[in-house]
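**Student:** Questions regarding the structure given below will be posed in turn.
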Amino acid sequence: MADEKDREETAVAEFHKKIKEAFEVFDHESNNTVDVREIGTIIRSLGCCPSEGELHDLIAEVFTPGSEGTPRLHVPANAVEIVQVHSDSQSFLEEEEPTGYIRFEKFLPVMTEILLERRYRPIPEDVLLRAFEVLDTAKRGFLTKDELIKYMTEEGEPFSQEEMEEMLSAAIDPESNSINYKDYISMMVIDEN
Amino acid sequence: MGSGTSTQHHFAFQNAERAFKAAALIQRWYRRYMARLEMRRRCTWNIFQSIEYAGQQDQVKLHDFFSYLMDHFTPSSHNERDFLTRIFTEERFAQDSQMEKCSDYESIEVPDSYRGPHLSFPLLPDHATALVEAFRLKQQLHARYVLNLLYETKKHLVQLPNINRVSTCYSEEITVCGDLHGQLDDLIFIFYKNGLPSPERSYVFNGDFVDRGKDSVEILMILFAFMLVYPKEFHLNRGNHEDPMVNLRYGFTKEVMSKYKIHGKEILRTLKDVFCWLPLATLIDEKVLILHGGVSDITDLELLDKIERCKIVSIMRCKTRQKSENQMEEQRIANQKSSAQGPIPWFLPQSRSLPSSPLRLGPYKAHKSSRSSSIPSGGSLDGRELSQRVRSSVELELERCRQQAGLLVTEEKEEPSCSASETDSDTGELRKPTQEEWRQVVDILWSDPMAQEGCKANTIRGGGCYFGPDVTEQLLQKYKLQFLIRSHECKPEGYEFCHNRKVLTIFSASNYYEVGSNRGAYVKLGPALTPHIVQYQANKVTHTLTMRQRISRVEESALRALREKLFAHSSNLLIEFKKHDVDKVGLITLSDWAAVVESVLHLGLPWRMLRPQLVNSSAGNMLEYKSWLKNLAEEQLSRENIQSSLLETLYRNRSNLETIFRIIDSDHSGFISLDELRQTWKLFSSHMNIDVTDDCICDLARSIDFNKDGHIDINEFLEAFRLVEKTCPEGDASECPQATNAEDSGCSSPGAC
């Protein structure tokens, strides 16, 4: 019993170190806060796989809007325009949104508990495969580019345009204009490890 | 019928629900994947930056070392001191003869076989444009034209004020570009995308044109040419890399000597002149201030306007006036020494004028943890006292080192002769700047913004300070400015706002650390002076790669650099590992591994996250540390017969060594004698408290002398440490400045400059 308690304490200490490390990577101003938009990345990199909805709820628990601590970027009325120019001259506008931030002291206990309870476990490969198979109603072994776009941007928790483009760039075989999802999964899984 | 339809509906509904859930699952999984990629990207960035900042401190140590030697150098016929002589007198000769050398280019003949661009003066816009095109086609400008251009450039620069005042009345827009660091592709891209300079299109280039990239010479030629052709519309600010001492370390000197084997020395000498005459800042419409590094709480634009900026040839080796005053102070403090603390290690940056944070050598995130105990830079008296105290203990320390190294020093009261010429009244222009003037300029060229309020010394870089939003606000109000544009720091997006959007960092060298590491950017200011930013990444390859592939590439480069650094600290790591291996079974926990690595390397990196990439074999939660270290060594060692620990030590200090060698090699021949190597190493290692026997040095020197001719090729020596990663167009990989990038605690990766 005492042994188990020791083990749990060591586990907690270990979790604390991990959480702190991940947090610090995004703590640009070294003042124990991170931009709220980065918290999803932090949580996911610690091994959790929450949905967007679950993430929102989580953030609500730890979020501190506006006034406390270091003021964040505030956008003046005549906002700055940022034009991205790639070498193929594609351009798009990007504006900065006002944001809030998360304090480490609030984040640590919440995250520790998540890790202890093993919440938001990652999705096993076979479950992922079955998900693709559900979408592949004709059971061909692949999805066309248009089908993938339709599902990812209209169903579930839709992708943004950026997310969709990024997925397409890696997933779609340009010759067949489709995604062989079994191969895709294998490739992504290897890459992770 | 009815029930049929409802069953159909029911199935349809179920299917829709299943599709919804399936899509949600895939999205959830994908987002996690991308998050992990993003985390890897950030970690990689941190690796590069922290290694680089660690290198900056080394830089400071080294320069302080030489500065101090210079201060106390006394000429003597002592044989053992000859090599030091050569370092210090080269400068003096240079100053004396620079006047005659200036117009020497006329005697240089351009052979008929020369196929590169020809220049004639006064320059015309076509010449400048032709230069861009020629360099794009990889031609090289003949030394005669280089020198001619530099000569004309200096003539022009001398007429300019310290702070260029520019108005947008005359040109519709002004484009401001940040660091280029010898990356010609980026400059060409900017001109291509934004247009060539013209009376309607003004440009400001905000310093750091050279070092690290491989085309620093070409960049300078283009920038100077346009400046001569459009003097009212084309402006240059000095950066901290427009400094001969910095160039020795970060590759520009090497580039010049390799491209101009005959006239390189002369070109470098002339450049010294040109650099110190570059203006310090540009002011647009009296509203937007553009300077390379930043500001401090004592930045005084009126004072900056008045100083003789050419006095500050090199920030790092600047001697200031009031030395006799200093010497008296030192005596006084030496007398009080018994009541003072023990000697403070002198290689910390505060041996210069700035009071600063406590003595622990700052890791990358030093300012975070030392915030509470840093000394504010307000108390000037305290600072001076501190620096005097440090200087006197430095003196004693160095005395000890010299004796150890077999160099006998006789103290002299007067200033050493090598700097006597500087107080010569004939060449009145060679007066030295005051401490304050020097400080003002250093602050402009070396400072970085920070999020916290206040102003404290920049221990990471060893010069300038960290300035907070209040300092910015104070300055903007005092001079009625709208905002500040600065460069000096690499940013992933090529730009970054801070201090409530009052400070804009603009950085124009894309792919700085590695292909795919960051974008470059430039900013256009229209009539209302609203900033309009354009980002780019001058490498087609990065666009065909997926983000995953891009990140992998950069990551691999960073990890390689990190493994080298780990190797360089093998001995210390082993000692610390053993402390955690209480039962002496050769195993430690992975958690202990992370703790040890941080305590030895002081890089402030997320080691637990990086562990899977650095440790590829661990049984469960335990690591066999000895075999891990052995694997690291095998990756790095190329020569078995050099004693491993010595090699490791040299490896750790190799960029310092490289710099020292290049200083010794005053004729830039690329060779130093075995004897010089031995003496250098002796002095350096005793000073750095590295314990190495004389025999070892001799063995090492002999084994490195591959040709057995009594001379060591510097590049060969560095080759022994597998510095060279990439190959250069010339086929001689060691010549390529970029090749020295992903390295260790010294001449390392590009990064914050």
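By order in the structure tokens, chains are A, B, ...; within a chain, residues start at 1; ligands start at 1, following the order shown.
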Using only C-alpha atoms, find which residues of chain B lie within 6 Å of chain A and jot them down as an mmCIF file with all heavy atoms, in the first residue's frame.
**Tutor:**
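Generated output (selection.cif):
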data_model
loop_
_atom_site.group_PDB
_atom_site.id
_atom_site.type_symbol
_atom_site.label_atom_id
_atom_site.label_comp_id
_atom_site.auth_asym_id
_atom_site.auth_seq_id
_atom_site.Cartn_x
_atom_site.Cartn_y
_atom_site.Cartn_z
ATOM 1 N N ALA B 19 -21.364 7.764 -40.285
ATOM 2 C CA ALA B 19 -20.420 8.537 -41.091
ATOM 3 C C ALA B 19 -19.906 9.727 -40.287
ATOM 4 O O ALA B 19 -18.706 10.040 -40.296
ATOM 5 C CB ALA B 19 -21.086 9.006 -42.386
ATOM 6 N N PHE B 20 -20.834 10.359 -39.595
ATOM 7 C CA PHE B 20 -20.460 11.511 -38.776
ATOM 8 C C PHE B 20 -19.406 11.111 -37.755
ATOM 9 O O PHE B 20 -18.372 11.765 -37.603
ATOM 10 C CB PHE B 20 -21.719 12.043 -38.082
ATOM 11 C CG PHE B 20 -21.482 13.306 -37.300
ATOM 12 C CD1 PHE B 20 -21.671 14.551 -37.896
ATOM 13 C CD2 PHE B 20 -21.065 13.256 -35.981
ATOM 14 C CE1 PHE B 20 -21.451 15.714 -37.178
ATOM 15 C CE2 PHE B 20 -20.841 14.414 -35.258
ATOM 16 C CZ PHE B 20 -21.041 15.644 -35.869
ATOM 17 N N ALA B 22 -17.509 8.460 -37.758
ATOM 18 C CA ALA B 22 -16.254 8.030 -38.382
ATOM 19 C C ALA B 22 -15.407 9.233 -38.769
ATOM 20 O O ALA B 22 -14.197 9.272 -38.523
ATOM 21 C CB ALA B 22 -16.554 7.180 -39.615
ATOM 22 N N ALA B 23 -16.066 10.220 -39.385
ATOM 23 C CA ALA B 23 -15.334 11.429 -39.771
ATOM 24 C C ALA B 23 -14.725 12.087 -38.550
ATOM 25 O O ALA B 23 -13.541 12.480 -38.549
ATOM 26 C CB ALA B 23 -16.262 12.399 -40.497
ATOM 27 N N ALA B 24 -15.524 12.173 -37.479
ATOM 28 C CA ALA B 24 -15.038 12.822 -36.257
ATOM 29 C C ALA B 24 -13.814 12.102 -35.715
ATOM 30 O O ALA B 24 -12.854 12.711 -35.241
ATOM 31 C CB ALA B 24 -16.143 12.863 -35.216
ATOM 32 N N ARG B 28 -10.131 13.691 -35.332
ATOM 33 C CA ARG B 28 -9.515 13.712 -33.992
ATOM 34 C C ARG B 28 -8.109 13.134 -34.058
ATOM 35 O O ARG B 28 -7.153 13.699 -33.532
ATOM 36 C CB ARG B 28 -10.397 12.904 -33.034
ATOM 37 C CG ARG B 28 -9.887 12.828 -31.618
ATOM 38 C CD ARG B 28 -11.026 12.537 -30.658
ATOM 39 N NE ARG B 28 -11.571 11.198 -30.813
ATOM 40 C CZ ARG B 28 -11.310 10.188 -30.006
ATOM 41 N NH1 ARG B 28 -10.477 10.355 -29.000
ATOM 42 N NH2 ARG B 28 -11.863 9.026 -30.200
ATOM 43 N N ARG B 32 -4.351 15.194 -33.713
ATOM 44 C CA ARG B 32 -3.312 14.838 -32.749
ATOM 45 C C ARG B 32 -1.973 14.661 -33.456
ATOM 46 O O ARG B 32 -0.925 15.088 -32.994
ATOM 47 C CB ARG B 32 -3.658 13.541 -32.032
ATOM 48 C CG ARG B 32 -2.492 13.110 -31.194
ATOM 49 C CD ARG B 32 -2.830 12.155 -30.107
ATOM 50 N NE ARG B 32 -1.625 11.874 -29.352
ATOM 51 C CZ ARG B 32 -0.894 10.786 -29.521
ATOM 52 N NH1 ARG B 32 -1.245 9.886 -30.402
ATOM 53 N NH2 ARG B 32 0.189 10.617 -28.785
ATOM 54 N N ALA B 35 -0.537 17.949 -34.201
ATOM 55 C CA ALA B 35 -0.053 18.603 -32.984
ATOM 56 C C ALA B 35 1.337 18.084 -32.627
ATOM 57 O O ALA B 35 2.222 18.841 -32.240
ATOM 58 C CB ALA B 35 -1.015 18.370 -31.833
ATOM 59 N N ARG B 36 1.516 16.796 -32.777
ATOM 60 C CA ARG B 36 2.820 16.240 -32.456
ATOM 61 C C ARG B 36 3.899 16.745 -33.420
ATOM 62 O O ARG B 36 5.029 16.993 -33.043
ATOM 63 C CB ARG B 36 2.745 14.720 -32.462
ATOM 64 C CG ARG B 36 1.893 14.216 -31.297
ATOM 65 C CD ARG B 36 1.854 12.740 -31.230
ATOM 66 N NE ARG B 36 3.191 12.214 -30.963
ATOM 67 C CZ ARG B 36 3.423 10.944 -30.734
ATOM 68 N NH1 ARG B 36 2.420 10.091 -30.742
ATOM 69 N NH2 ARG B 36 4.634 10.521 -30.516
ATOM 70 N N LYS B 368 15.190 33.963 -17.746
ATOM 71 C CA LYS B 368 13.953 33.565 -17.075
ATOM 72 C C LYS B 368 14.235 33.328 -15.609
ATOM 73 O O LYS B 368 13.595 33.882 -14.741
ATOM 74 C CB LYS B 368 13.421 32.294 -17.742
ATOM 75 C CG LYS B 368 12.257 31.695 -16.978
ATOM 76 C CD LYS B 368 11.443 30.767 -17.853
ATOM 77 C CE LYS B 368 12.150 29.446 -18.085
ATOM 78 N NZ LYS B 368 11.211 28.469 -18.668
ATOM 79 N N ALA B 451 9.714 40.459 -22.951
ATOM 80 C CA ALA B 451 8.321 40.721 -22.603
ATOM 81 C C ALA B 451 8.191 41.475 -21.296
ATOM 82 O O ALA B 451 7.290 42.292 -21.122
ATOM 83 C CB ALA B 451 7.557 39.405 -22.524
ATOM 84 N N ASN B 500 3.238 45.429 -27.687
ATOM 85 C CA ASN B 500 2.000 46.057 -28.154
ATOM 86 C C ASN B 500 2.107 46.567 -29.577
ATOM 87 O O ASN B 500 1.607 47.649 -29.885
ATOM 88 C CB ASN B 500 1.660 47.273 -27.272
ATOM 89 C CG ASN B 500 0.849 46.842 -26.081
ATOM 90 O OD1 ASN B 500 -0.005 45.968 -26.170
ATOM 91 N ND2 ASN B 500 1.149 47.446 -24.952
ATOM 92 N N HIS B 532 3.226 46.631 -43.951
ATOM 93 C CA HIS B 532 2.608 45.660 -44.840
ATOM 94 C C HIS B 532 3.675 44.603 -45.080
ATOM 95 O O HIS B 532 4.678 44.876 -45.699
ATOM 96 C CB HIS B 532 2.243 46.395 -46.122
ATOM 97 C CG HIS B 532 1.563 45.553 -47.126
ATOM 98 N ND1 HIS B 532 0.218 45.622 -47.357
ATOM 99 C CD2 HIS B 532 2.036 44.621 -47.980
ATOM 100 C CE1 HIS B 532 -0.100 44.770 -48.318
ATOM 101 N NE2 HIS B 532 0.979 44.157 -48.718
ATOM 102 N N ILE B 533 3.424 43.404 -44.547
ATOM 103 C CA ILE B 533 4.508 42.426 -44.509
ATOM 104 C C ILE B 533 4.369 41.364 -45.582
ATOM 105 O O ILE B 533 3.280 40.876 -45.847
ATOM 106 C CB ILE B 533 4.538 41.759 -43.129
ATOM 107 C CG1 ILE B 533 4.847 42.832 -42.090
ATOM 108 C CG2 ILE B 533 5.576 40.658 -43.072
ATOM 109 C CD1 ILE B 533 4.737 42.364 -40.689
ATOM 110 N N VAL B 534 5.486 41.026 -46.169
ATOM 111 C CA VAL B 534 5.490 39.971 -47.167
ATOM 112 C C VAL B 534 6.442 38.872 -46.710
ATOM 113 O O VAL B 534 7.597 39.127 -46.414
ATOM 114 C CB VAL B 534 5.948 40.514 -48.535
ATOM 115 C CG1 VAL B 534 6.011 39.397 -49.553
ATOM 116 C CG2 VAL B 534 5.014 41.613 -49.006
ATOM 117 N N GLN B 535 5.926 37.648 -46.651
ATOM 118 C CA GLN B 535 6.767 36.517 -46.256
ATOM 119 C C GLN B 535 7.145 35.692 -47.466
ATOM 120 O O GLN B 535 6.439 35.674 -48.457
ATOM 121 C CB GLN B 535 5.998 35.594 -45.313
ATOM 122 C CG GLN B 535 5.603 36.219 -44.006
ATOM 123 C CD GLN B 535 4.638 35.307 -43.279
ATOM 124 O OE1 GLN B 535 3.520 35.119 -43.725
ATOM 125 N NE2 GLN B 535 5.079 34.741 -42.183
ATOM 126 N N TYR B 536 8.231 34.961 -47.347
ATOM 127 C CA TYR B 536 8.643 34.094 -48.446
ATOM 128 C C TYR B 536 9.571 33.014 -47.919
ATOM 129 O O TYR B 536 10.074 33.107 -46.799
ATOM 130 C CB TYR B 536 9.376 34.902 -49.525
ATOM 131 C CG TYR B 536 10.543 35.677 -48.960
ATOM 132 C CD1 TYR B 536 11.804 35.098 -48.822
ATOM 133 C CD2 TYR B 536 10.373 36.986 -48.527
ATOM 134 C CE1 TYR B 536 12.858 35.800 -48.265
ATOM 135 C CE2 TYR B 536 11.419 37.693 -47.970
ATOM 136 C CZ TYR B 536 12.655 37.103 -47.847
ATOM 137 O OH TYR B 536 13.690 37.808 -47.281
ATOM 138 N N PRO B 606 13.701 20.700 -23.835
ATOM 139 C CA PRO B 606 12.771 19.698 -23.304
ATOM 140 C C PRO B 606 13.310 18.297 -23.531
ATOM 141 O O PRO B 606 12.904 17.594 -24.475
ATOM 142 C CB PRO B 606 11.493 19.950 -24.093
ATOM 143 C CG PRO B 606 11.943 20.552 -25.373
ATOM 144 C CD PRO B 606 13.201 21.307 -25.080
#
**Student:** Rank nothing, just name the residue among B:Leu280, B:Leu614, B:Val274, B:Leu632 nearest to Glu556 (chain B), using only C-alpha atoms.
**Tutor:**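 Using only C-alpha atoms, the shortest distance to Glu556 (chain B) belongs to B:Leu614.
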**Student:** What does the distance from CA of Gly195 (chain B) to CA of Thr175 (chain B) come to in Å, to one decimal?
**Tutor:**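 Taking CA of Gly195 (chain B) and CA of Thr175 (chain B), their separation equals 10.1 Å.
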**Student:** If you run DSSP on the backbone, which residues of region 480-571 of chain B are strand (DSSP E), as a PyMOL selection string?
**Tutor:** chain B and resi 483-486+495-498+503-506+520-525+531-536
**Student:** Which of these residues is nearest to Thr153 (chain B), using only C-alpha atoms: B:Val132, B:Leu303, B:Val210, B:Met227?
**Tutor:**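 Using only C-alpha atoms, Thr153 (chain B) sits closest to B:Met227.
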**Student:** CA of Asp443 (chain B) and CA of Leu228 (chain B) are how many Å apart?
**Tutor:**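 Interatomic distance here is 28.3 Å.
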**Student:** Work out how far CA of Phe104 (chain A) is from CA of Asp35 (chain A), in Å to one decimal.
**Tutor:**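 Straight-line distance from CA of Asp35 (chain A) to CA of Phe104 (chain A) works out to 11.1 Å.
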**Student:** Can you list, as a ChimeraX atom specification, every protein, DNA or RNA residue that comes within 10 Å of Val158 (chain B) when you count only C-alpha atoms, leaving out same-chain residues fewer than 3 positions away?
**Tutor:** /B:153-155,161-162,274,276-279,309-310
**Student:** Print the selection's residues with N, CA, C and O atoms to a file, as a short mmCIF file (atom, residue, chain, number, x, y, z; two decimals), in the first residue's frame.
**Tutor:**
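In the end it all went to part22.cif:
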data_model
loop_
_atom_site.label_atom_id
_atom_site.label_comp_id
_atom_site.auth_asym_id
_atom_site.auth_seq_id
_atom_site.Cartn_x
_atom_site.Cartn_y
_atom_site.Cartn_z
N THR B 153 32.47 53.47 -52.00
CA THR B 153 31.46 53.33 -50.94
C THR B 153 31.89 54.10 -49.71
O THR B 153 31.09 54.82 -49.10
N LYS B 154 33.15 53.94 -49.35
CA LYS B 154 33.60 54.63 -48.15
C LYS B 154 33.49 56.14 -48.33
O LYS B 154 33.04 56.85 -47.44
N LYS B 155 33.88 56.60 -49.48
CA LYS B 155 33.79 58.04 -49.74
C LYS B 155 32.36 58.54 -49.53
O LYS B 155 32.14 59.62 -48.99
N PRO B 161 25.21 61.05 -42.09
CA PRO B 161 25.12 61.21 -40.63
C PRO B 161 24.97 59.85 -39.96
O PRO B 161 24.74 58.85 -40.64
N ASN B 162 25.08 59.82 -38.65
CA ASN B 162 24.91 58.57 -37.92
C ASN B 162 23.50 58.04 -38.05
O ASN B 162 23.28 56.83 -38.10
N VAL B 274 35.04 50.40 -44.21
CA VAL B 274 33.68 50.62 -44.70
C VAL B 274 32.67 50.33 -43.60
O VAL B 274 31.75 51.09 -43.35
N CYS B 276 32.87 50.42 -40.37
CA CYS B 276 32.75 51.34 -39.25
C CYS B 276 32.12 52.66 -39.67
O CYS B 276 31.72 53.46 -38.83
N TRP B 277 32.03 52.88 -40.99
CA TRP B 277 31.38 54.11 -41.44
C TRP B 277 29.91 53.91 -41.80
O TRP B 277 29.24 54.86 -42.20
N LEU B 278 29.43 52.71 -41.67
CA LEU B 278 28.01 52.51 -41.94
C LEU B 278 27.17 53.26 -40.92
O LEU B 278 27.50 53.28 -39.74
N PRO B 279 26.09 53.88 -41.36
CA PRO B 279 25.22 54.58 -40.41
C PRO B 279 24.64 53.62 -39.38
O PRO B 279 24.53 52.42 -39.63
N ARG B 309 31.17 57.77 -35.29
CA ARG B 309 30.85 56.34 -35.34
C ARG B 309 32.00 55.49 -35.86
O ARG B 309 32.10 54.30 -35.55
N CYS B 310 32.90 56.07 -36.65
CA CYS B 310 33.98 55.27 -37.20
C CYS B 310 34.99 54.85 -36.16
O CYS B 310 35.85 54.01 -36.40
#
**Student:** Write out as number ranges by chain the set of residues from region 93-165 of chain A that DSSP, computed on the backbone, places in alpha helix (DSSP H).
**Tutor:** A: 104-116, 125-135, 145-154, 161-165
